[in-house]
file protein37.cif (mmCIF, C-alpha atoms)
data_input
#
loop_
_atom_site.label_atom_id
_atom_site.label_comp_id
_atom_site.auth_asym_id
_atom_site.auth_seq_id
_atom_site.Cartn_x
_atom_site.Cartn_y
_atom_site.Cartn_z
CA MET A 1 67.56 85.83 92.49
CA SER A 2 69.48 87.55 89.70
CA ALA A 3 69.01 88.75 86.16
CA LYS A 4 71.43 89.97 83.47
CA ASN A 5 70.70 92.94 81.23
CA GLU A 6 72.11 94.18 77.96
CA GLU A 7 74.70 96.41 79.67
CA GLU A 8 76.70 93.45 81.01
CA ALA A 9 75.46 93.75 84.56
CA GLU A 10 73.83 91.40 87.01
CA VAL A 11 71.02 92.55 89.28
CA LEU A 12 70.81 90.82 92.65
CA SER A 13 67.73 90.84 94.83
CA ILE A 14 68.97 91.07 98.43
CA GLU A 15 66.56 91.39 101.35
CA GLY A 16 64.10 93.46 99.35
CA HIS A 17 66.70 95.68 97.65
CA GLN A 18 67.97 95.53 94.08
CA VAL A 19 71.76 95.73 93.74
CA ARG A 20 73.23 96.09 90.25
CA VAL A 21 76.66 94.49 89.84
CA THR A 22 78.37 96.06 86.83
CA HIS A 23 80.94 94.10 84.82
CA PRO A 24 80.30 91.00 86.96
CA ASN A 25 82.85 88.86 85.12
CA LYS A 26 85.71 91.35 85.43
CA LEU A 27 88.64 89.57 87.08
CA TYR A 28 89.59 91.15 90.40
CA PHE A 29 92.16 88.43 91.14
CA SER A 30 93.95 86.87 88.18
CA LYS A 31 97.37 85.57 89.28
CA GLN A 32 97.33 82.76 91.83
CA THR A 33 93.56 82.77 92.30
CA LYS A 34 90.95 83.60 89.66
CA LEU A 35 88.08 85.61 91.10
CA SER A 36 85.63 87.95 89.39
CA LYS A 37 83.86 90.94 90.87
CA LEU A 38 80.68 88.84 91.16
CA ASP A 39 82.65 86.13 92.98
CA LEU A 40 83.67 88.74 95.56
CA VAL A 41 80.11 89.99 95.95
CA ARG A 42 78.92 86.41 96.53
CA TYR A 43 81.73 85.82 99.02
CA TYR A 44 80.65 88.82 101.10
CA LEU A 45 76.99 87.75 100.94
CA SER A 46 77.97 84.28 102.23
CA ILE A 47 79.59 85.72 105.37
CA ALA A 48 77.50 88.90 105.63
CA PRO A 49 76.38 88.45 109.28
CA GLY A 50 80.04 88.26 110.34
CA ALA A 51 81.24 91.14 108.18
CA LEU A 52 78.37 93.32 109.38
CA THR A 53 79.39 92.77 113.02
CA GLY A 54 82.46 94.89 112.29
CA ILE A 55 80.90 97.61 110.13
CA ARG A 56 77.20 97.99 110.95
CA ASN A 57 76.22 101.48 112.15
CA ARG A 58 79.74 102.83 111.52
CA PRO A 59 80.98 105.39 108.99
CA LEU A 60 83.12 103.79 106.30
CA VAL A 61 86.10 104.95 104.31
CA LEU A 62 85.79 103.42 100.86
CA LYS A 63 89.07 101.85 99.74
CA ARG A 64 88.41 101.20 96.06
CA PHE A 65 90.23 98.81 93.77
CA VAL A 66 88.42 99.75 90.57
CA ASN A 67 90.97 97.83 88.47
CA GLY A 68 90.99 94.80 90.72
CA ALA A 69 93.23 93.71 93.58
CA GLU A 70 96.30 93.88 91.38
CA GLY A 71 95.67 97.52 90.45
CA GLU A 72 96.26 100.69 92.41
CA ALA A 73 93.74 101.47 95.16
CA PHE A 74 92.50 104.85 96.31
CA TYR A 75 90.63 106.06 99.40
CA GLN A 76 87.29 107.81 99.11
CA LYS A 77 85.96 109.38 102.28
CA ARG A 78 82.91 111.05 100.81
CA ALA A 79 79.89 108.92 99.96
CA PRO A 80 79.01 108.76 96.25
CA THR A 81 76.18 111.12 95.36
CA ASP A 82 74.44 108.57 93.12
CA ARG A 83 73.90 106.05 95.91
CA PRO A 84 70.59 104.23 96.53
CA SER A 85 68.03 106.00 98.69
CA TRP A 86 68.12 103.17 101.24
CA LEU A 87 71.79 103.82 102.11
CA ARG A 88 72.39 106.39 104.84
CA THR A 89 75.33 108.67 105.70
CA VAL A 90 76.77 110.59 108.64
CA THR A 91 78.97 113.69 108.64
CA LEU A 92 82.40 113.11 110.13
CA ALA A 93 84.83 115.87 111.18
CA PHE A 94 88.58 115.30 110.74
CA PRO A 95 91.66 116.66 112.57
CA SER A 96 92.31 118.93 109.58
CA GLY A 97 89.03 120.73 110.23
CA ARG A 98 87.41 119.37 107.08
CA THR A 99 84.23 117.32 107.14
CA ALA A 100 82.89 114.55 104.94
CA GLU A 101 79.60 112.78 104.53
CA GLU A 102 80.54 109.12 104.89
CA LEU A 103 78.57 106.02 104.05
CA VAL A 104 77.06 103.75 106.72
CA VAL A 105 76.33 100.13 105.77
CA ASP A 106 73.79 98.28 107.90
CA ASP A 107 72.76 95.29 105.81
CA ALA A 108 73.84 92.74 103.21
CA ALA A 109 72.48 94.81 100.32
CA GLY A 110 74.64 97.77 101.30
CA LEU A 111 77.62 95.44 101.64
CA ALA A 112 77.10 94.14 98.09
CA TRP A 113 76.66 97.69 96.79
CA ILE A 114 80.05 98.90 98.09
CA VAL A 115 81.82 95.75 96.85
CA ASN A 116 80.47 96.62 93.40
CA LEU A 117 82.35 99.93 93.74
CA GLY A 118 85.58 97.95 94.07
CA CYS A 119 85.74 97.94 97.88
CA ILE A 120 87.33 94.56 98.44
CA GLU A 121 88.42 95.72 101.93
CA LEU A 122 86.12 97.15 104.60
CA HIS A 123 87.44 100.16 106.53
CA PRO A 124 85.09 101.25 109.35
CA HIS A 125 85.84 103.98 111.86
CA PRO A 126 85.85 102.86 115.53
CA VAL A 127 82.72 104.88 116.34
CA CYS A 128 78.98 104.38 116.01
CA SER A 129 76.90 106.79 113.97
CA GLU A 130 75.03 108.15 116.98
CA ASP A 131 78.25 109.23 118.77
CA LEU A 132 81.07 110.15 116.42
CA ASP A 133 83.34 111.65 119.09
CA HIS A 134 83.67 108.69 121.46
CA PRO A 135 85.11 105.43 120.09
CA ASP A 136 83.59 102.15 121.23
CA GLU A 137 86.60 100.15 120.05
CA LEU A 138 90.30 100.13 120.90
CA ARG A 139 92.42 98.53 118.18
CA VAL A 140 95.71 96.72 118.75
CA ASP A 141 97.52 96.37 115.41
CA LEU A 142 100.45 93.93 115.53
CA ASP A 143 102.74 94.86 112.65
CA PRO A 144 105.77 92.55 112.21
CA GLY A 145 109.00 93.99 110.87
CA PRO A 146 110.88 92.41 107.93
CA GLY A 147 111.88 88.83 108.66
CA VAL A 148 109.83 88.53 111.86
CA SER A 149 108.26 85.09 112.13
CA TRP A 150 104.55 84.37 112.32
CA ALA A 151 105.24 82.47 115.55
CA ASP A 152 106.50 85.71 117.12
CA VAL A 153 103.35 87.56 116.01
CA ARG A 154 101.21 84.92 117.71
CA ARG A 155 103.29 85.10 120.90
CA VAL A 156 102.84 88.86 121.09
CA ALA A 157 99.09 88.48 120.49
CA LEU A 158 98.82 86.06 123.40
CA GLU A 159 100.74 88.46 125.63
CA VAL A 160 98.30 91.22 124.64
CA ARG A 161 95.44 88.96 125.69
CA LEU A 162 97.00 88.34 129.11
CA LEU A 163 97.52 92.04 129.73
CA LEU A 164 93.98 92.87 128.66
CA LYS A 165 92.61 90.30 131.09
CA GLU A 166 94.61 91.89 133.90
CA VAL A 167 93.01 95.29 133.22
CA GLY A 168 89.50 93.87 132.88
CA LEU A 169 89.16 93.93 129.10
CA GLN A 170 88.32 91.25 126.55
CA GLY A 171 90.26 91.10 123.31
CA TRP A 172 89.03 89.59 120.05
CA ALA A 173 91.82 88.33 117.78
CA LYS A 174 91.90 88.11 114.00
CA THR A 175 94.52 87.70 111.34
CA SER A 176 95.16 90.95 109.51
CA GLY A 177 94.97 89.12 106.20
CA SER A 178 98.59 90.02 105.58
CA ARG A 179 101.57 89.35 107.90
CA GLY A 180 100.16 90.63 111.17
CA MET A 181 97.30 90.25 113.62
CA HIS A 182 94.69 92.56 115.09
CA VAL A 183 93.20 92.44 118.57
CA ASN A 184 90.03 94.53 118.85
CA ILE A 185 88.49 95.51 122.18
CA ARG A 186 84.96 96.83 122.61
CA ILE A 187 84.93 99.67 125.12
CA GLN A 188 82.26 101.88 126.64
CA PRO A 189 81.93 105.05 124.50
CA ARG A 190 82.99 107.36 127.33
CA TRP A 191 86.43 108.50 126.20
CA SER A 192 87.70 110.79 123.45
CA PHE A 193 89.93 109.65 120.59
CA GLY A 194 92.90 111.17 122.41
CA GLU A 195 92.18 109.21 125.57
CA VAL A 196 91.70 105.95 123.67
CA ARG A 197 95.02 106.47 121.89
CA ARG A 198 96.67 107.26 125.24
CA ALA A 199 95.36 103.95 126.61
CA ALA A 200 96.60 102.10 123.52
CA LEU A 201 100.06 103.64 123.92
CA ALA A 202 100.19 102.52 127.56
CA LEU A 203 99.20 99.01 126.50
CA SER A 204 101.88 98.94 123.79
CA ARG A 205 104.59 100.08 126.20
CA ALA A 206 103.48 97.54 128.82
CA VAL A 207 103.68 94.67 126.33
CA GLU A 208 107.12 95.84 125.21
CA ARG A 209 108.33 95.79 128.83
CA ARG A 210 107.07 92.23 129.26
CA ILE A 211 108.61 90.78 126.12
CA PRO A 212 111.25 93.32 125.02
CA ALA A 213 112.95 90.92 122.62
CA LEU A 214 109.75 90.41 120.63
CA ALA A 215 107.62 93.56 120.94
CA SER A 216 108.20 97.23 120.20
CA SER A 217 106.19 100.39 120.85
CA LYS A 218 108.66 102.64 118.95
CA TRP A 219 107.08 104.76 116.21
CA TRP A 220 110.18 105.28 114.05
CA LYS A 221 110.94 102.20 111.98
CA GLU A 222 114.66 102.57 112.41
CA GLU A 223 114.18 102.13 116.18
CA ARG A 224 111.84 99.16 116.00
CA HIS A 225 112.46 95.47 116.22
CA GLY A 226 110.20 92.45 116.23
CA VAL A 227 106.47 93.17 116.28
CA PHE A 228 105.36 96.82 116.42
CA LEU A 229 102.18 97.55 118.40
CA ASP A 230 100.80 100.44 116.37
CA TYR A 231 99.08 102.63 118.98
CA ASN A 232 98.45 105.32 116.35
CA GLN A 233 95.76 103.19 114.71
CA ASN A 234 93.59 104.67 117.48
CA ALA A 235 94.12 108.27 116.41
CA LYS A 236 91.08 109.93 114.88
CA ASP A 237 90.63 109.37 111.13
CA ARG A 238 92.64 106.11 111.11
CA THR A 239 91.00 102.91 109.92
CA THR A 240 92.07 99.28 109.55
CA ALA A 241 90.63 96.42 107.52
CA SER A 242 87.81 94.84 109.52
CA ALA A 243 86.94 91.18 109.98
CA TYR A 244 86.31 89.14 106.81
CA SER A 245 87.90 91.84 104.61
CA VAL A 246 89.53 90.49 101.48
CA ARG A 247 93.13 91.62 101.15
CA PRO A 248 94.87 92.36 97.81
CA LEU A 249 97.21 89.34 97.93
CA PRO A 250 97.51 86.75 95.13
CA ASP A 251 95.71 84.05 97.16
CA ALA A 252 92.75 86.34 98.04
CA ARG A 253 93.50 86.02 101.74
CA VAL A 254 91.02 87.47 104.23
CA SER A 255 91.19 88.95 107.72
CA ALA A 256 89.90 86.00 109.73
CA PRO A 257 88.27 86.26 113.18
CA LEU A 258 89.67 83.64 115.55
CA GLN A 259 88.90 81.95 118.82
CA TRP A 260 91.83 82.43 121.19
CA SER A 261 92.30 78.66 121.23
CA GLU A 262 93.13 78.86 117.52
CA VAL A 263 95.81 81.54 117.83
CA PRO A 264 98.79 79.34 118.89
CA ASP A 265 98.55 77.16 115.76
CA CYS A 266 96.71 79.23 113.16
CA ASP A 267 98.07 79.79 109.65
CA PRO A 268 96.82 82.97 107.91
CA ALA A 269 97.21 81.32 104.50
CA GLU A 270 94.34 78.97 105.36
CA PHE A 271 91.79 81.79 105.41
CA THR A 272 90.86 82.87 101.88
CA VAL A 273 87.81 83.81 99.85
CA LEU A 274 87.60 80.15 98.85
CA THR A 275 87.75 78.68 102.37
CA MET A 276 85.98 81.19 104.61
CA PRO A 277 82.38 80.55 103.49
CA LYS A 278 82.66 76.87 104.49
CA ARG A 279 84.30 77.78 107.81
CA PHE A 280 81.57 80.35 108.50
CA ALA A 281 78.83 77.84 107.71
CA GLU A 282 80.39 75.26 110.03
CA ILE A 283 81.43 77.31 113.08
CA GLY A 284 79.68 80.65 112.65
CA ASP A 285 81.32 83.94 113.58
CA PRO A 286 83.92 83.65 116.40
CA HIS A 287 83.29 87.34 117.14
CA ALA A 288 79.49 87.11 117.27
CA GLU A 289 79.36 88.19 120.94
CA MET A 290 81.88 91.00 120.54
CA ASN A 291 79.32 93.81 120.82
CA HIS A 292 78.25 92.52 124.24
CA SER A 293 81.72 92.80 125.83
CA ALA A 294 82.23 96.56 126.25
CA GLY A 295 84.70 97.32 129.04
CA SER A 296 86.37 100.23 130.82
CA LEU A 297 89.66 101.97 129.99
CA ASP A 298 90.18 103.15 133.57
CA GLU A 299 93.00 100.72 134.39
CA LEU A 300 94.86 101.33 131.12
CA LEU A 301 94.59 105.08 131.70
CA ASP A 302 95.94 104.58 135.22
CA LEU A 303 98.87 102.76 133.62
CA ALA A 304 99.33 105.69 131.22
CA ALA A 305 99.39 108.13 134.15
CA LYS A 306 102.05 106.00 135.87
CA ASP A 307 104.20 106.04 132.72
CA GLU A 308 103.88 109.81 132.48
CA ALA A 309 104.75 110.28 136.16
CA GLU A 310 107.94 108.28 135.51
CA GLY A 311 108.94 110.56 132.64
CA LEU A 312 107.47 108.75 129.63
CA GLY A 313 105.81 111.50 127.62
CA ASP A 314 103.59 111.25 124.60
CA ALA A 315 104.90 109.30 121.61
CA PRO A 316 104.90 110.60 118.01
CA TRP A 317 101.59 111.06 116.21
CA PRO A 318 101.00 110.36 112.51
CA PRO A 319 102.62 113.03 110.32
CA HIS A 320 99.39 114.70 109.15
CA PHE A 321 98.31 115.52 112.73
CA ARG A 322 99.15 118.86 114.30
CA LYS A 323 101.89 118.89 116.94
CA MET A 324 100.40 117.74 120.23
CA GLU A 325 101.09 119.08 123.71
CA GLY A 326 103.70 116.91 125.44
CA GLU A 327 104.76 115.23 122.19
CA ALA A 328 108.49 114.79 121.64
CA PRO A 329 110.03 116.41 118.53
CA ARG A 330 108.40 114.78 115.52
CA VAL A 331 111.58 113.90 113.66
CA SER A 332 113.10 110.49 113.00
CA PRO A 333 116.38 109.71 114.78
CA SER A 334 118.21 109.53 111.46
CA ARG A 335 117.26 113.16 110.74
CA ALA A 336 117.61 114.56 114.24
CA LYS A 337 120.24 117.29 114.64
CA SER A 338 122.27 116.79 117.77
CA SER A 339 123.31 120.45 117.69
CA SER A 340 119.74 121.45 118.42
CA VAL A 341 119.71 119.55 121.68
CA LYS A 342 119.98 122.02 124.51
CA ALA A 343 121.76 121.53 127.81
CA ASN A 344 119.99 119.70 130.61
CA THR A 345 117.85 117.72 128.16
CA LYS A 346 117.93 114.05 127.33
CA LYS A 347 120.86 112.71 125.36
CA PRO A 348 120.39 113.02 121.61
CA ARG A 349 119.40 109.88 119.79
CA THR A 350 121.94 108.31 117.50
CA LYS A 351 121.55 109.39 113.91
CA MET A 352 121.00 106.33 111.72
CA PRO A 353 122.75 106.03 108.32
CA LEU A 354 119.67 105.53 106.15
CA ILE A 355 119.48 105.66 102.36
CA VAL A 356 116.38 105.54 100.15
CA ILE A 357 116.38 102.65 97.68
CA ALA A 358 112.99 102.84 95.95
CA ASN A 359 109.76 104.87 95.74
CA SER A 360 106.75 103.42 93.93
CA PRO A 361 102.95 103.20 94.03
CA HIS A 362 103.49 99.46 93.52
CA GLU A 363 105.15 97.42 96.27
CA GLU A 364 106.32 94.73 93.84
CA ALA A 365 108.17 97.34 91.76
CA ALA A 366 109.79 98.78 94.89
CA LEU A 367 110.91 95.34 96.06
CA ALA A 368 112.33 94.61 92.62
CA GLY A 369 114.35 97.82 92.93
CA LEU A 370 115.70 96.59 96.26
CA GLU A 371 116.88 93.37 94.64
CA ARG A 372 118.66 95.34 91.92
CA TRP A 373 120.38 97.44 94.59
CA LYS A 374 121.51 94.29 96.41
CA LYS A 375 123.03 92.92 93.21
CA ARG A 376 124.92 96.17 92.62
CA HIS A 377 126.21 96.20 96.19
CA GLU A 378 126.60 92.51 96.99
CA GLU A 379 129.30 92.93 99.64
CA ALA A 380 127.27 95.47 101.59
CA ALA A 381 124.02 93.55 101.16
CA LYS A 382 125.55 90.48 102.83
CA LEU A 383 126.10 92.50 106.01
CA LEU A 384 122.52 93.72 106.39
CA ALA A 385 120.46 92.42 109.29
CA VAL A 386 116.86 91.46 108.63
CA ASP A 387 115.52 94.61 110.24
CA ASP A 388 117.93 96.89 108.33
CA VAL A 389 115.54 96.86 105.36
CA LEU A 390 112.65 99.25 106.03
CA VAL A 391 109.56 98.84 103.83
CA ASP A 392 107.40 101.88 104.48
CA ARG A 393 103.77 101.92 103.37
CA MET A 394 103.26 105.65 102.87
CA ARG A 395 99.71 106.96 103.09
CA GLY A 396 98.98 109.86 100.81
CA ARG A 397 95.78 111.90 100.64
CA SER A 398 93.94 109.18 98.70
CA SER A 399 96.36 106.32 98.04
CA ILE A 400 99.12 104.13 99.44
CA TRP A 401 102.65 104.00 98.03
CA THR A 402 105.81 102.16 99.03
CA ARG A 403 109.18 103.54 100.07
CA ILE A 404 112.13 101.24 100.75
CA ARG A 405 115.07 102.38 102.84
CA VAL A 406 118.19 100.56 104.01
CA ASN A 407 119.91 101.14 107.34
CA LEU A 408 123.68 100.92 106.85
CA ARG A 409 124.49 100.71 110.57
CA HIS A 410 126.05 97.22 110.28
CA ILE A 411 128.21 98.13 107.30
CA PRO A 412 131.70 99.64 107.86
CA GLU A 413 131.82 103.23 106.67
CA GLU A 414 134.35 102.48 103.94
CA LEU A 415 131.94 99.91 102.44
CA ARG A 416 128.73 101.93 102.68
CA PRO A 417 127.11 102.60 99.30
CA PRO A 418 126.23 106.27 98.73
CA GLN A 419 122.73 107.60 98.31
CA GLU A 420 121.76 107.04 94.69
CA THR A 421 118.68 108.11 92.80
CA PRO A 422 116.01 105.64 93.97
CA ASP A 423 115.11 102.89 91.51
CA PRO A 424 112.25 103.23 90.79
CA ASP A 425 111.81 106.86 91.80
CA ASP A 426 108.06 107.16 91.37
CA ASP A 427 107.04 109.00 94.53
CA PRO A 428 103.47 110.21 93.86
CA THR A 429 103.71 113.11 96.32
CA ARG A 430 107.04 114.75 95.55
CA SER A 431 110.25 114.38 93.59
CA PHE A 432 113.39 112.92 95.17
CA THR A 433 114.71 116.44 95.74
CA GLY A 434 111.77 117.16 98.00
CA ARG A 435 110.00 119.56 95.60
CA ALA A 436 106.30 119.09 95.07
CA PRO A 437 105.51 117.56 91.66
CA LYS A 438 104.18 119.84 88.98
CA LYS A 439 100.49 119.64 88.36
CA LYS A 440 99.47 118.11 85.07
CA MET A 441 97.34 120.36 82.96
#

call {"tool": "encode", "arguments": {"input": "protein37.cif", "output": "structure tokens"}}
result
Amino acid sequence: MSAKNEEEAEVLSIEGHQVRVTHPNKLYFSKQTKLSKLDLVRYYLSIAPGALTGIRNRPLVLKRFVNGAEGEAFYQKRAPTDRPSWLRTVTLAFPSGRTAEELVVDDAAGLAWIVNLGCIELHPHPVCSEDLDHPDELRVDLDPGPGVSWADVRRVALEVRLLLKEVGLQGWAKTSGSRGMHVNIRIQPRWSFGEVRRAALALSRAVERRIPALASSKWWKEERHGVFLDYNQNAKDRTTASAYSVRPLPDARVSAPLQWSEVPDCDPAEFTVLTMPKRFAEIGDPHAEMNHSAGSLDELLDLAAKDEAEGLGDAPWPPHFRKMEGEAPRVSPSRAKSSSVKANTKKPRTKMPLIVIANSPHEEAALAGLERWKKRHEEAAKLLAVDDVLVDRMRGRSSIWTRIRVNLRHIPEELRPPQETPDPDDDPTRSFTGRAPKKKM
């Protein structure tokens, strides 16, 4: 039941709790699809049992789109202080040494309450509230590079499934809601974050060896090709959008759980806020049994040990992590200085000729800047390969911004455009010269 009051809000009665939806008619999607905040709340209530499978009993990072899906989002780790008494929290410690009291959502009322805050995506940590140091989920994030086909993403996902079967694990596939796919694996909560990431890295390298033309485990974008298996999504403090999350795309696409039989022919555009409630009512949740499939990482860790014995050390960590023991120098090949390479070490990596084209909090604005650059440098632009354009989603302290770079490796030196001031040059963390921006008073 619901009731409106004079403050332009709608109060929903959900399983014995009252949830107040403020500004219920505010459009959160207004371009291709028209959806209000209340529409999104009702969507999540319609598929709540499925969405709760991925987030129940887990600390959540709140990714808030307070101005709708077309506005800028920000991350909020700490739970709001004015939350209802029936919502609980846990205290999470981060690699930086800081702690935060994060929200835990266990029921449909809590789900509706966070959607009212503007959380159109759900970002749970891979741990349960009773054991915050030992993940019970390994996450395989398949991230296609520019121009990589959806068919290739599906092929890599199927190869991941085969490898998991060989090491005694069960994978659960879903569309990411964007261009990629996720394969989540429930594991016994016996291993640390570092060990889970080590297992994920071994898996990524093994898949790359099996299908080297399609899959990549390389961290630096300039070294990647095809579909990147992002092992670092398993580092502590990293989250991904969970099943049934609405993504900020014009068609209100969602991250859709799949049966493996659906993967070879699925189309991510078919899974939206408008279509998922009917699908859920007809077939239920394809991941309903996921919590009953916890497996062991022993065989993946044995594979990691074999890689290490053959000289494959640790791969780069995310930039905000401290330097790890055994990690190679944390510098991209394009910035590596060959003069610093000492004798009797591995050969230096080739320095890539990269230039920065655009910096912006808005991906559309950055992509428009890329098109302007291509028009100014038509001859050079014609020589670019698909994977020469690097679209970097940069994660700041509380928001995401976009950087676009171009690799000039396929362009003769005499035709290479020089580094220009990026257009736009709206880097929210620093100026183009590398200096920190001045604080506004």

call {"tool": "atom_distance", "arguments": {"input": "protein37.cif", "atom1": "CA of Glu282 in chain A", "atom2": "CA of Pro24 in chain A"}}
result
27.9 Å

call {"tool": "closest_residue", "arguments": {"input": "protein37.cif", "among": "A:Pro428, A:Lys77, A:Glu379, A:Glu413", "to": "Asn359 in chain A", "atoms": "all atoms listed in the file"}}
result
A:Pro428

call {"tool": "residues_around", "arguments": {"input": "protein37.cif", "residues": "Val246 in chain A", "least_positions_apart": "3", "cutoff": "10 Å", "atoms": "only C-alpha atoms", "output": "list in words"}}
result
Leu40, Tyr43, Tyr44, Ala69, Cys119, Ile120, Glu121, Leu122, Ser176, Gly177, Ser178, Ala241, Ser242, Ala243, Leu249, Asp251, Ala252, Arg253, Val254, Ser255, Ala256, Phe271, Thr272 and Val273 of chain A

call {"tool": "atom_distance", "arguments": {"input": "protein37.cif", "atom1": "CA of Leu301 in chain A", "atom2": "CA of Val160 in chain A"}}
result
16.0 Å

call {"tool": "residues_around", "arguments": {"input": "protein37.cif", "residues": "Glu262 in chain A", "least_positions_apart": "3", "cutoff": "12 Å", "atoms": "all atoms listed in the file", "output": "PDB file with C-alpha atoms, in the coordinates of the input"}}
result
ATOM      1  CA  ARG A 154     101.210  84.920 117.710  1.00  0.00           C
ATOM      2  CA  ALA A 157      99.090  88.480 120.490  1.00  0.00           C
ATOM      3  CA  LEU A 158      98.820  86.060 123.400  1.00  0.00           C
ATOM      4  CA  TRP A 172      89.030  89.590 120.050  1.00  0.00           C
ATOM      5  CA  ALA A 173      91.820  88.330 117.780  1.00  0.00           C
ATOM      6  CA  LYS A 174      91.900  88.110 114.000  1.00  0.00           C
ATOM      7  CA  THR A 175      94.520  87.700 111.340  1.00  0.00           C
ATOM      8  CA  ALA A 256      89.900  86.000 109.730  1.00  0.00           C
ATOM      9  CA  PRO A 257      88.270  86.260 113.180  1.00  0.00           C
ATOM     10  CA  LEU A 258      89.670  83.640 115.550  1.00  0.00           C
ATOM     11  CA  GLN A 259      88.900  81.950 118.820  1.00  0.00           C
ATOM     12  CA  ASP A 265      98.550  77.160 115.760  1.00  0.00           C
ATOM     13  CA  CYS A 266      96.710  79.230 113.160  1.00  0.00           C
ATOM     14  CA  ASP A 267      98.070  79.790 109.650  1.00  0.00           C
ATOM     15  CA  PRO A 268      96.820  82.970 107.910  1.00  0.00           C
ATOM     16  CA  PRO A 286      83.920  83.650 116.400  1.00  0.00           C
TER      17      PRO A 286
END

call {"tool": "atom_distance", "arguments": {"input": "protein37.cif", "atom1": "CA of Gly313 in chain A", "atom2": "CA of Lys221 in chain A"}}
result
18.9 Å

call {"tool": "residues_around", "arguments": {"input": "protein37.cif", "residues": "Asp237 in chain A", "least_positions_apart": "6", "cutoff": "12 Å", "atoms": "only C-alpha atoms", "output": "PyMOL selection string"}}
result
chain A and resi 59-61+77+92-100+102+123-127+132-133+135+193-194+197+318+320-321+397

call {"tool": "resolve_selection", "arguments": {"input": "protein37.cif", "expression": "the PyMOL selection byres ((chain A and resi 72) around 10)", "output": "list of chain:residue names"}}
result
A:Arg64, A:Phe65, A:Val66, A:Asn67, A:Gly68, A:Ala69, A:Glu70, A:Gly71, A:Ala73, A:Phe74, A:Pro361, A:His362, A:Ser399, A:Ile400, A:Trp401

call {"tool": "residues_near_point", "arguments": {"input": "protein37.cif", "point": "(102.5, 87.6, 112.2)", "cutoff": "7 Å", "atoms": "all atoms listed in the file", "output": "list of chain:residue names"}}
result
A:Pro144, A:Ser149, A:Trp150, A:Ala151, A:Asp152, A:Val153, A:Arg154, A:Arg179, A:Gly180, A:Met181

call {"tool": "resolve_selection", "arguments": {"input": "protein37.cif", "expression": "the PyMOL selection byres ((chain A and resi 166) around 12)", "output": "PyMOL selection string"}}
result
chain A and resi 159-165+167-171+203+206+297+299-300+303

call {"tool": "write_last_selection", "arguments": {"input": "protein37.cif", "atoms": "C-alpha atoms", "output": "CSV table (one decimal), in the coordinates of the input"}}
result
chain,number,residue,atom,x,y,z
A,159,GLU,CA,100.7,88.5,125.6
A,160,VAL,CA,98.3,91.2,124.6
A,161,ARG,CA,95.4,89.0,125.7
A,162,LEU,CA,97.0,88.3,129.1
A,163,LEU,CA,97.5,92.0,129.7
A,164,LEU,CA,94.0,92.9,128.7
A,165,LYS,CA,92.6,90.3,131.1
A,167,VAL,CA,93.0,95.3,133.2
A,168,GLY,CA,89.5,93.9,132.9
A,169,LEU,CA,89.2,93.9,129.1
A,170,GLN,CA,88.3,91.2,126.6
A,171,GLY,CA,90.3,91.1,123.3
A,203,LEU,CA,99.2,99.0,126.5
A,206,ALA,CA,103.5,97.5,128.8
A,297,LEU,CA,89.7,102.0,130.0
A,299,GLU,CA,93.0,100.7,134.4
A,300,LEU,CA,94.9,101.3,131.1
A,303,LEU,CA,98.9,102.8,133.6

call {"tool": "resolve_selection", "arguments": {"input": "protein37.cif", "expression": "the PyMOL selection byres ((chain A and resi 136) around 8)", "output": "list in words"}}
result
Pro126, Val127, Cys128, His134, Pro135, Glu137, Leu138, Arg186, Ile187, Gln188, Pro189 and Ala294 of chain A

call {"tool": "residues_near_point", "arguments": {"input": "protein37.cif", "point": "(77.1, 113.5, 104.4)", "cutoff": "7 Å", "atoms": "only C-alpha atoms", "output": "ChimeraX atom specification"}}
result
/A:79,89-91,100-102
